[in-house]
4 protein chains.
Amino acid sequence: MESLGIGLIGTGFMGKCHALAYNSVKAVFGDVPATRLEVLCDVPDDKASGFAKQFGFARATSDWKDLIADPKVDIVCITTPNKVHKEMALAALEAGKHVHLEKPMALTMEDAREMLAAAETSGAKTIVGYNYLHNPAMSHARKLIAEGAIGRLVHFRGTVDEDYQADPELAWTWRATRADAGLGTLGDLGCHLVSLATALVGPMESLIAETKTVHATRPVGDGTGERRAVENEDIASALLTFENGVHGIISTSRSAWGRKSYIGFEVHGTEGMIIFDQERMNELRLYQNRGALSEQGFKTLLTGPAHPPYGQFVPAAGHQLGFNDLKVIEVHEFLSAIAGGRQAVPSFREALHFEAVIHAIARSGETGQRVSLT
Amino acid sequence: MESLGIGLIGTGFMGKCHALAYNSVKAVFGDVPATRLEVLCDVPDDKASGFAKQFGFARATSDWKDLIADPKVDIVCITTPNKVHKEMALAALEAGKHVHLEKPMALTMEDAREMLAAAETSGAKTIVGYNYLHNPAMSHARKLIAEGAIGRLVHFRGTVDEDYQADPELAWTWRATRADAGLGTLGDLGCHLVSLATALVGPMESLIAETKTVHATRPVGDGTGERRAVENEDIASALLTFENGVHGIISTSRSAWGRKSYIGFEVHGTEGMIIFDQERMNELRLYQNRGALSEQGFKTLLTGPAHPPYGQFVPAAGHQLGFNDLKVIEVHEFLSAIAGGRQAVPSFREALHFEAVIHAIARSGETGQRVSLT
Amino acid sequence: MESLGIGLIGTGFMGKCHALAYNSVKAVFGDVPATRLEVLCDVPDDKASGFAKQFGFARATSDWKDLIADPKVDIVCITTPNKVHKEMALAALEAGKHVHLEKPMALTMEDAREMLAAAETSGAKTIVGYNYLHNPAMSHARKLIAEGAIGRLVHFRGTVDEDYQADPELAWTWRATRADAGLGTLGDLGCHLVSLATALVGPMESLIAETKTVHATRPVGDGTGERRAVENEDIASALLTFENGVHGIISTSRSAWGRKSYIGFEVHGTEGMIIFDQERMNELRLYQNRGALSEQGFKTLLTGPAHPPYGQFVPAAGHQLGFNDLKVIEVHEFLSAIAGGRQAVPSFREALHFEAVIHAIARSGETGQRVSLT
Amino acid sequence: MESLGIGLIGTGFMGKCHALAYNSVKAVFGDVPATRLEVLCDVPDDKASGFAKQFGFARATSDWKDLIADPKVDIVCITTPNKVHKEMALAALEAGKHVHLEKPMALTMEDAREMLAAAETSGAKTIVGYNYLHNPAMSHARKLIAEGAIGRLVHFRGTVDEDYQADPELAWTWRATRADAGLGTLGDLGCHLVSLATALVGPMESLIAETKTVHATRPVGDGTGERRAVENEDIASALLTFENGVHGIISTSRSAWGRKSYIGFEVHGTEGMIIFDQERMNELRLYQNRGALSEQGFKTLLTGPAHPPYGQFVPAAGHQLGFNDLKVIEVHEFLSAIAGGRQAVPSFREALHFEAVIHAIARSGETGQRVSLT
């Protein structure tokens, strides 16, 4: 496989992130097929052509079906609003294209399941943008756990917070609606934490949760003083039971002042603890019950070449990877999987479990009842 | 009121802490009655007399009833194992003595309620050793909230962890039994967090919880290899609803490697956030949505004379109070209440609510059902 | 100016960093000429052709003069060992090519001055790889100072440390020689700190310094046990006087265990303080003597779109830039300068001052005398 | 020796700190003679009698000679302004009393030498209030160094900062005069850092320094707008050479906004590094080049019973000692020395070296010349 043609739908936060990643992955890693930035799609036309020029795509279109139909496109990147993910993904898969989809997969579990079925019928590969999974610090945490560095796991705690909906007077948008956005903080943030919890501890069995809309209405923003209802949750918290019997607790808020990209977790084991926080994404804290008590303490590991694939970016430790670098690692995983004829991780299959959990949290928040995931 | 005579039962961790606090409170604060260290009780006799000499008590006894009966004793400090709290407290109250009791009040809510009834019948004053409430950083957090510094409260998160039961091979002790210890981590640690949550947000209305014994058995430690069951919880977590509608989430573990005295909380408001961690007890972190976005961030406040009563200990900020200083502030509150003829805070009344919460968590952990606190 | 052709000499740490930056700058910023990766040079040939393919360069060569002579090349990036900087830079300038040179400019001030003279004679533009200057956190620190956020400056402190020469048994290399490496830690690390100090406080007037080689010899590494002398400094420290009268103190070590990329500074002003540390490159700490004393404290600012050009990379605060992103900002500065017909910052002119300082430190370290910089 | 009578001169910051320490040392440690709080001296009389009552002293006086003459007084604590230290110390020593003196010893080295001579002639014991030396974290740092935990020492860096003279409009006081205060930040803060540097690395051989008065005048504060000159330094920095050949760098400021009690140091060794900061006085950071590179990092040790004498205060790690506890440890050292017939550390002898260093820094700051300490 000499090279792969890329079609990108969407040019927002994630669209640009995909464009940058597909543009640099070969230079960073070397060991994957080269990529050709073939088609970029956005609306209207001039926006598409402007970004195509900036991002280095060969041509632009405002018709995503045109992009999917282009024979030069091997991989379709879908970075559009959640509610159109399904239609685009199904069309791309039907056209035999590999699909790189941003999270969450869809607004509902029904849709997500339909998408997985389509992917498994198709011969194409899929990956979903759970980018924090690809942080070398995270990979090292998983390696430490697998090696028994903290013993048998006994507890998990996690939070994921931002403050983009913290201001009570922020204007009402489509994000507040079930029809267009689906879930609130769970879909935006919570699912990322679930992806990490699953990678660290394993799949979940059941949970009981609470959800809360702390800003019940928001101003329409037209100067009339009119306010509209916020239909989805600002905050969600859950008590989790993992399949392996470990208990855990997670919480997420999009209304947490001061938190900009806080994705924190603690993994408690019988011989130590691991702590992480995405706002200091190049650090991992490790405590081990080893050696003299007087010299025990949490150690702050700065990621470096000893934590692959950090060294592909910078050959010296502590120099810091950034957010966009995580997408490059994700793209590397996808290209490697395609080249190797294997499924990428996380494909639609793994993502479906992550999203089952956030929907279960939402359902438990409504009913007050424990929800099983198996 | 010229001075007050002190009788101290117990000479362990908390016993020494009480002895030091009653010995220095007048020098630190000036504005309270002087204290006379009259009687110290422990068993056997020579232990009592040794510690009486060290701590500066006038006489020693191995009979706590003798201590309570001593007319020179005005305040009885009870720092003995939890299961004898009730008998001692009732006797002291019946003798008309003020009671300074270590937490938790008792092994069961029934006992705790009986103790409160006795206190309210008596004319004596009570206080319970929820010492972390008295940290100037904590008082300042409450003041900030009361002044609206972070707006309307919307969420609370807290954890309290230590690692004194983290080692799977630690020998089995009475702490593992329901009969002698009652609750596990909830009684040792969890109730402290509840005291802080209540002070910050208000009383709780209901909760649903999970509890877990992660080390099911422990070695008897006699070399036979025999292991005995651990009957109470190592870890407990709960989803909380406060009476004012705020939701929260708390978790506590006595098996959390690396945590030595971690009592952490986040209070989320519509205009900011406050964060605290007892392992850095002289710091309070405050975020406010004020001023230019480019200069917003979490501010680390180092406690100082601007945070009373810090200045009674040291007239310069940032010089650090210690754990034992919190007990001095607690004793100051008690002596002030006695001198002023008012109830101290937290008296048996407030403590009863704190302990109702930990028992509710334990019950919910057993039944899997939501438990109401009202 | 439609596009600019890039020739890159060197494929190591900095070579790859340049390749990535020139490959993505247009996509990140949009407002600069497109770049064409034309020629890559390394030795031997197959290394050059391998990296040309990986990095996306159109052709490869093992002859750097061939690269410079190529009419398609507009910008020559020099990322080779320091001792060949001069020859390559002079040749490129003579050929009328813009020069993007890695720091330090040269082994001696004489060479560096000759290079500046050539640049000023030439019509070409230059920039030197003082990449830490381009961190949005750093730019914000400068903006805060310029706006008077911390009042009149009164003191500067800085350190820059790594541990790549900390191990006493690390094998001897050319880095230990004056002939091939020139200065030690001053050339590798110290000059970066000088660039930041100058940007924050202004140019320096004089200094007195100490230098120290803490590992006097190193094993040759051939198994014979032979050791060779280390000819340049492991540690250097200096007392500085800036032209504006501010005093400062700086220190640098390449033998500082645990420091991976520590570039820290404190700027003290009459109304506040700013603190930074490159190992947490997305954070800036700011103290201001403003508002109630009880709410004063160091604020941790997480960089975001309010700190340009962060938002070109990620539209959400706190998501973290990485080390390689700084080079993209540097390249953006260079391309903007070329397109705008102005000098970039730092050009050879500014870099000459930075390097004058490190040579002055080395000289003072030898003589024990104060050295003037004016 | 059954007990020792205490006479305390001064009731300010340090006076209260001494009173509390002598009142609790026996209870905390047990293994020292009991203390009797006999005489307290301050002016005027009613201030003395008020504090005597509050602090628990048997009698009060406004005549310090009366206090020294009292046969019940065995130890004289001198916590008065620096300029009267000499007269009081000489009188106390002449009366055969042990002297517990606050730092610095005197305004000049001549006076300090005279005081040391008097102490060595006398049979009495002395100690000087370099309280930060007694922090268990500091003692552990020394132990780690002695055990070789970080290998051979190669470098030292330290800073000590506060902000009590940071405000340019703070009123002029006697602290600004050479006659009454002597040195500025060096006498208040710098000498503490010197005490730590000496304890960690050893005595110093020579230094070169700069000093700076950043606020040249201060308002008299009488409303006339008059300003008076500040005669001593706000900031001082020095390059140090220790007797063992290690180089170091120290800096101190009393005008460092945001620093409340910052005493920070780094000790660099061939196998690791130790970092400390008094604003987090219960933490010590340790890096060791041991084990897998992927698990190397700075470890944060929370002080506990494994770091004597922490356990005398609290039997559980991480619960935090406070500033006042350091004075209790200092008093314990003094009482142990007196009871054991040995010199305490630091006696006048060790203190003289610390103070020789700050005077050398001041002298070098004036002359611009290197100053020898041997």
# chains A, B, ... in the order shown; residues from 1 in each chain; ligands from 1
call {"tool": "residues_around", "arguments": {"residues": "Phe348 of chain D", "least_positions_apart": "3", "cutoff": "10 Å", "atoms": "only C-alpha atoms", "output": "list in words"}}
result
Val99, His100, Leu101, Met105, Ala112, Arg113, Met115, Leu116, Ala117, Ala118, Ala119, Glu120, Lys125, Thr126, Ile127, Val128, Gln343, Ala344, Val345, Ala351, Leu352, His353 and Phe354 of chain D
call {"tool": "interface_residues", "arguments": {"of": "chain D", "to": "chain A", "cutoff": "8 Å", "atoms": "only C-alpha atoms", "output": "PDB file with N, CA, C and O atoms, in the first residue's frame"}}
result
ATOM      1  N   LEU D 293      14.218   3.797  33.516  1.00  0.00           N
ATOM      2  CA  LEU D 293      14.076   5.197  33.133  1.00  0.00           C
ATOM      3  C   LEU D 293      12.608   5.594  33.034  1.00  0.00           C
ATOM      4  O   LEU D 293      12.230   6.715  33.383  1.00  0.00           O
ATOM      5  N   SER D 294      11.786   4.665  32.586  1.00  0.00           N
ATOM      6  CA  SER D 294      10.366   4.988  32.398  1.00  0.00           C
ATOM      7  C   SER D 294       9.647   5.226  33.719  1.00  0.00           C
ATOM      8  O   SER D 294       8.539   5.750  33.732  1.00  0.00           O
ATOM      9  N   GLU D 295      10.269   4.821  34.824  1.00  0.00           N
ATOM     10  CA  GLU D 295       9.643   5.074  36.133  1.00  0.00           C
ATOM     11  C   GLU D 295      10.462   6.036  36.983  1.00  0.00           C
ATOM     12  O   GLU D 295      10.264   6.114  38.187  1.00  0.00           O
ATOM     13  N   GLN D 296      11.379   6.766  36.377  1.00  0.00           N
ATOM     14  CA  GLN D 296      12.102   7.779  37.142  1.00  0.00           C
ATOM     15  C   GLN D 296      11.306   9.084  37.175  1.00  0.00           C
ATOM     16  O   GLN D 296      10.629   9.437  36.207  1.00  0.00           O
ATOM     17  N   GLY D 297      11.390   9.770  38.288  1.00  0.00           N
ATOM     18  CA  GLY D 297      10.703  11.047  38.413  1.00  0.00           C
ATOM     19  C   GLY D 297      10.930  11.598  39.800  1.00  0.00           C
ATOM     20  O   GLY D 297      11.430  10.886  40.688  1.00  0.00           O
ATOM     21  N   PHE D 298      10.572  12.850  39.997  1.00  0.00           N
ATOM     22  CA  PHE D 298      10.665  13.417  41.338  1.00  0.00           C
ATOM     23  C   PHE D 298       9.566  12.825  42.205  1.00  0.00           C
ATOM     24  O   PHE D 298       8.393  12.818  41.831  1.00  0.00           O
ATOM     25  N   LYS D 299       9.971  12.322  43.354  1.00  0.00           N
ATOM     26  CA  LYS D 299       9.052  11.730  44.309  1.00  0.00           C
ATOM     27  C   LYS D 299       8.766  12.783  45.386  1.00  0.00           C
ATOM     28  O   LYS D 299       9.699  13.430  45.872  1.00  0.00           O
ATOM     29  N   THR D 300       7.510  12.962  45.716  1.00  0.00           N
ATOM     30  CA  THR D 300       7.155  13.888  46.789  1.00  0.00           C
ATOM     31  C   THR D 300       6.961  13.105  48.080  1.00  0.00           C
ATOM     32  O   THR D 300       5.998  12.345  48.217  1.00  0.00           O
ATOM     33  N   LEU D 301       7.907  13.265  48.999  1.00  0.00           N
ATOM     34  CA  LEU D 301       7.803  12.595  50.293  1.00  0.00           C
ATOM     35  C   LEU D 301       7.005  13.493  51.240  1.00  0.00           C
ATOM     36  O   LEU D 301       7.357  14.659  51.434  1.00  0.00           O
ATOM     37  N   LEU D 302       5.952  12.960  51.794  1.00  0.00           N
ATOM     38  CA  LEU D 302       5.200  13.687  52.823  1.00  0.00           C
ATOM     39  C   LEU D 302       5.776  13.281  54.164  1.00  0.00           C
ATOM     40  O   LEU D 302       5.817  12.090  54.485  1.00  0.00           O
ATOM     41  N   THR D 303       6.195  14.231  54.972  1.00  0.00           N
ATOM     42  CA  THR D 303       6.833  13.841  56.225  1.00  0.00           C
ATOM     43  C   THR D 303       5.852  13.106  57.144  1.00  0.00           C
ATOM     44  O   THR D 303       4.646  13.328  57.118  1.00  0.00           O
ATOM     45  N   GLY D 304       6.420  12.214  57.936  1.00  0.00           N
ATOM     46  CA  GLY D 304       5.640  11.378  58.841  1.00  0.00           C
ATOM     47  C   GLY D 304       6.544  10.801  59.903  1.00  0.00           C
ATOM     48  O   GLY D 304       7.692  11.237  60.069  1.00  0.00           O
ATOM     49  N   ALA D 306       8.291   8.348  59.935  1.00  0.00           N
ATOM     50  CA  ALA D 306       9.565   7.854  59.418  1.00  0.00           C
ATOM     51  C   ALA D 306      10.609   8.967  59.327  1.00  0.00           C
ATOM     52  O   ALA D 306      11.756   8.704  58.977  1.00  0.00           O
ATOM     53  N   HIS D 307      10.207  10.167  59.649  1.00  0.00           N
ATOM     54  CA  HIS D 307      11.112  11.315  59.608  1.00  0.00           C
ATOM     55  C   HIS D 307      11.138  11.989  60.972  1.00  0.00           C
ATOM     56  O   HIS D 307      10.452  12.994  61.200  1.00  0.00           O
TER      57      HIS D 307
END
call {"tool": "residues_around", "arguments": {"residues": "Met273 of chain C", "least_positions_apart": "4", "cutoff": "7 Å", "atoms": "only C-alpha atoms", "output": "mmCIF file with N, CA and C atoms, in the first residue's frame"}}
result
data_model
loop_
_atom_site.group_PDB
_atom_site.id
_atom_site.type_symbol
_atom_site.label_atom_id
_atom_site.label_comp_id
_atom_site.auth_asym_id
_atom_site.auth_seq_id
_atom_site.Cartn_x
_atom_site.Cartn_y
_atom_site.Cartn_z
ATOM 1 N N ILE C 150 2.646 43.927 36.658
ATOM 2 C CA ILE C 150 3.420 43.687 37.886
ATOM 3 C C ILE C 150 4.263 44.923 38.249
ATOM 4 N N GLU C 266 11.483 33.722 37.245
ATOM 5 C CA GLU C 266 10.652 34.584 38.083
ATOM 6 C C GLU C 266 10.975 36.022 37.699
ATOM 7 N N VAL C 267 9.953 36.820 37.436
ATOM 8 C CA VAL C 267 10.150 38.243 37.224
ATOM 9 C C VAL C 267 9.449 38.959 38.374
ATOM 10 N N HIS C 268 10.239 39.699 39.156
ATOM 11 C CA HIS C 268 9.710 40.394 40.327
ATOM 12 C C HIS C 268 9.444 41.854 39.972
ATOM 13 N N GLY C 269 8.256 42.332 40.259
ATOM 14 C CA GLY C 269 7.944 43.738 40.030
ATOM 15 C C GLY C 269 7.434 44.400 41.294
ATOM 16 N N LEU C 286 0.858 34.054 38.076
ATOM 17 C CA LEU C 286 0.817 35.515 38.213
ATOM 18 C C LEU C 286 0.308 35.896 39.594
ATOM 19 N N TYR C 287 1.077 36.716 40.276
ATOM 20 C CA TYR C 287 0.623 37.295 41.553
ATOM 21 C C TYR C 287 0.516 38.792 41.360
ATOM 22 N N GLN C 288 -0.575 39.356 41.813
ATOM 23 C CA GLN C 288 -0.740 40.804 41.762
ATOM 24 C C GLN C 288 -1.214 41.300 43.118
ATOM 25 N N TRP D 257 6.774 39.936 45.795
ATOM 26 C CA TRP D 257 5.322 39.789 45.895
ATOM 27 C C TRP D 257 4.869 38.343 45.754
ATOM 28 N N GLY D 258 4.070 37.903 46.688
ATOM 29 C CA GLY D 258 3.472 36.578 46.598
ATOM 30 C C GLY D 258 4.207 35.543 47.422
#
call {"tool": "residues_around", "arguments": {"residues": "segment 236-246 of chain D", "least_positions_apart": "6", "cutoff": "9 Å", "atoms": "only C-alpha atoms", "output": "number ranges by chain"}}
result
C: 209-210, 212, 214, 237-239, 248-249; D: 153-156, 159, 185-186, 190, 198, 201-213, 252-253, 361-362, 364-365, 374
call {"tool": "select_by_dssp", "arguments": {"residues": "segment 95-284 of chain B", "states": "strand (DSSP E)", "output": "PyMOL selection string"}}
result
chain B and resi 98-101+126-128+153-161+204-212+217-219+227-229+235-242+247-253+262-269+272-277+283-284
call {"tool": "residues_around", "arguments": {"residues": "segment 36-47 of chain A", "least_positions_apart": "3", "cutoff": "6 Å", "atoms": "only C-alpha atoms", "output": "PDB file with N, CA, C and O atoms, in the first residue's frame"}}
result
ATOM      1  N   LEU A   4      -2.570   6.536   0.894  1.00  0.00           N
ATOM      2  CA  LEU A   4      -4.018   6.515   1.132  1.00  0.00           C
ATOM      3  C   LEU A   4      -4.564   7.923   0.938  1.00  0.00           C
ATOM      4  O   LEU A   4      -3.998   8.897   1.440  1.00  0.00           O
ATOM      5  N   GLY A   5      -5.699   7.999   0.223  1.00  0.00           N
ATOM      6  CA  GLY A   5      -6.315   9.303  -0.021  1.00  0.00           C
ATOM      7  C   GLY A   5      -7.300   9.657   1.076  1.00  0.00           C
ATOM      8  O   GLY A   5      -8.103   8.823   1.510  1.00  0.00           O
ATOM      9  N   ILE A   6      -7.229  10.902   1.520  1.00  0.00           N
ATOM     10  CA  ILE A   6      -8.039  11.337   2.657  1.00  0.00           C
ATOM     11  C   ILE A   6      -9.132  12.289   2.189  1.00  0.00           C
ATOM     12  O   ILE A   6      -8.871  13.239   1.451  1.00  0.00           O
ATOM     13  N   GLY A   7     -10.344  12.033   2.661  1.00  0.00           N
ATOM     14  CA  GLY A   7     -11.446  12.975   2.488  1.00  0.00           C
ATOM     15  C   GLY A   7     -11.908  13.441   3.857  1.00  0.00           C
ATOM     16  O   GLY A   7     -12.163  12.613   4.730  1.00  0.00           O
ATOM     17  N   LEU A   8     -11.971  14.746   4.039  1.00  0.00           N
ATOM     18  CA  LEU A   8     -12.318  15.289   5.363  1.00  0.00           C
ATOM     19  C   LEU A   8     -13.615  16.082   5.278  1.00  0.00           C
ATOM     20  O   LEU A   8     -13.707  17.033   4.500  1.00  0.00           O
ATOM     21  N   ILE A   9     -14.577  15.696   6.098  1.00  0.00           N
ATOM     22  CA  ILE A   9     -15.837  16.440   6.158  1.00  0.00           C
ATOM     23  C   ILE A   9     -15.851  17.238   7.458  1.00  0.00           C
ATOM     24  O   ILE A   9     -15.845  16.665   8.549  1.00  0.00           O
ATOM     25  N   GLY A  10     -15.855  18.562   7.328  1.00  0.00           N
ATOM     26  CA  GLY A  10     -15.875  19.424   8.516  1.00  0.00           C
ATOM     27  C   GLY A  10     -14.531  20.098   8.709  1.00  0.00           C
ATOM     28  O   GLY A  10     -13.474  19.497   8.485  1.00  0.00           O
ATOM     29  N   GLY A  50     -11.560  27.646   0.635  1.00  0.00           N
ATOM     30  CA  GLY A  50     -10.590  28.376   1.453  1.00  0.00           C
ATOM     31  C   GLY A  50      -9.821  27.431   2.374  1.00  0.00           C
ATOM     32  O   GLY A  50      -8.584  27.473   2.438  1.00  0.00           O
ATOM     33  N   ALA A  52      -9.574  24.188   2.042  1.00  0.00           N
ATOM     34  CA  ALA A  52      -8.817  23.209   1.235  1.00  0.00           C
ATOM     35  C   ALA A  52      -7.442  23.781   0.915  1.00  0.00           C
ATOM     36  O   ALA A  52      -6.429  23.087   1.023  1.00  0.00           O
ATOM     37  N   PHE A  57      -5.553  20.464   0.860  1.00  0.00           N
ATOM     38  CA  PHE A  57      -6.320  19.424   0.161  1.00  0.00           C
ATOM     39  C   PHE A  57      -6.353  19.741  -1.335  1.00  0.00           C
ATOM     40  O   PHE A  57      -6.408  20.909  -1.738  1.00  0.00           O
ATOM     41  N   ALA A  58      -6.375  18.688  -2.137  1.00  0.00           N
ATOM     42  CA  ALA A  58      -6.305  18.863  -3.581  1.00  0.00           C
ATOM     43  C   ALA A  58      -7.567  19.511  -4.152  1.00  0.00           C
ATOM     44  O   ALA A  58      -7.503  20.298  -5.092  1.00  0.00           O
ATOM     45  N   ARG A  59      -8.730  19.153  -3.603  1.00  0.00           N
ATOM     46  CA  ARG A  59      -9.933  19.821  -4.101  1.00  0.00           C
ATOM     47  C   ARG A  59     -10.954  19.976  -2.981  1.00  0.00           C
ATOM     48  O   ARG A  59     -10.839  19.352  -1.919  1.00  0.00           O
ATOM     49  N   ALA A  60     -11.960  20.819  -3.246  1.00  0.00           N
ATOM     50  CA  ALA A  60     -12.975  21.129  -2.253  1.00  0.00           C
ATOM     51  C   ALA A  60     -14.353  20.837  -2.804  1.00  0.00           C
ATOM     52  O   ALA A  60     -14.565  20.862  -4.022  1.00  0.00           O
ATOM     53  N   THR A  61     -15.277  20.570  -1.890  1.00  0.00           N
ATOM     54  CA  THR A  61     -16.666  20.368  -2.303  1.00  0.00           C
ATOM     55  C   THR A  61     -17.565  20.780  -1.151  1.00  0.00           C
ATOM     56  O   THR A  61     -17.159  20.748   0.008  1.00  0.00           O
ATOM     57  N   SER A  62     -18.802  21.147  -1.507  1.00  0.00           N
ATOM     58  CA  SER A  62     -19.765  21.409  -0.437  1.00  0.00           C
ATOM     59  C   SER A  62     -20.757  20.234  -0.342  1.00  0.00           C
ATOM     60  O   SER A  62     -21.723  20.297   0.393  1.00  0.00           O
ATOM     61  N   TRP A  64     -21.033  16.394   0.665  1.00  0.00           N
ATOM     62  CA  TRP A  64     -20.283  15.295   1.278  1.00  0.00           C
ATOM     63  C   TRP A  64     -20.444  13.987   0.517  1.00  0.00           C
ATOM     64  O   TRP A  64     -19.576  13.106   0.568  1.00  0.00           O
TER      65      TRP A  64
END
call {"tool": "closest_residue", "arguments": {"among": "D:Pro81, D:Pro309, D:Gly272, D:Gly15", "to": "Trp174 of chain D", "atoms": "only C-alpha atoms"}}
result
D:Pro81
call {"tool": "residues_around", "arguments": {"residues": "Ala92 of chain A", "least_positions_apart": "4", "cutoff": "7 Å", "atoms": "only C-alpha atoms", "output": "list of chain:residue names"}}
result
A:Ile68, A:Val76, A:Met88, A:Gly96, A:Lys97, A:Val99
call {"tool": "residues_around", "arguments": {"residues": "segment 220-229 of chain D", "least_positions_apart": "4", "cutoff": "6 Å", "atoms": "only C-alpha atoms", "output": "JSON, numbers by chain"}}
result
{"D": [171, 172, 216]}
call {"tool": "closest_residue", "arguments": {"among": "D:Tyr130, D:Tyr310, D:Ile75, D:His319", "to": "Arg259 of chain B", "atoms": "only C-alpha atoms"}}
result
D:His319
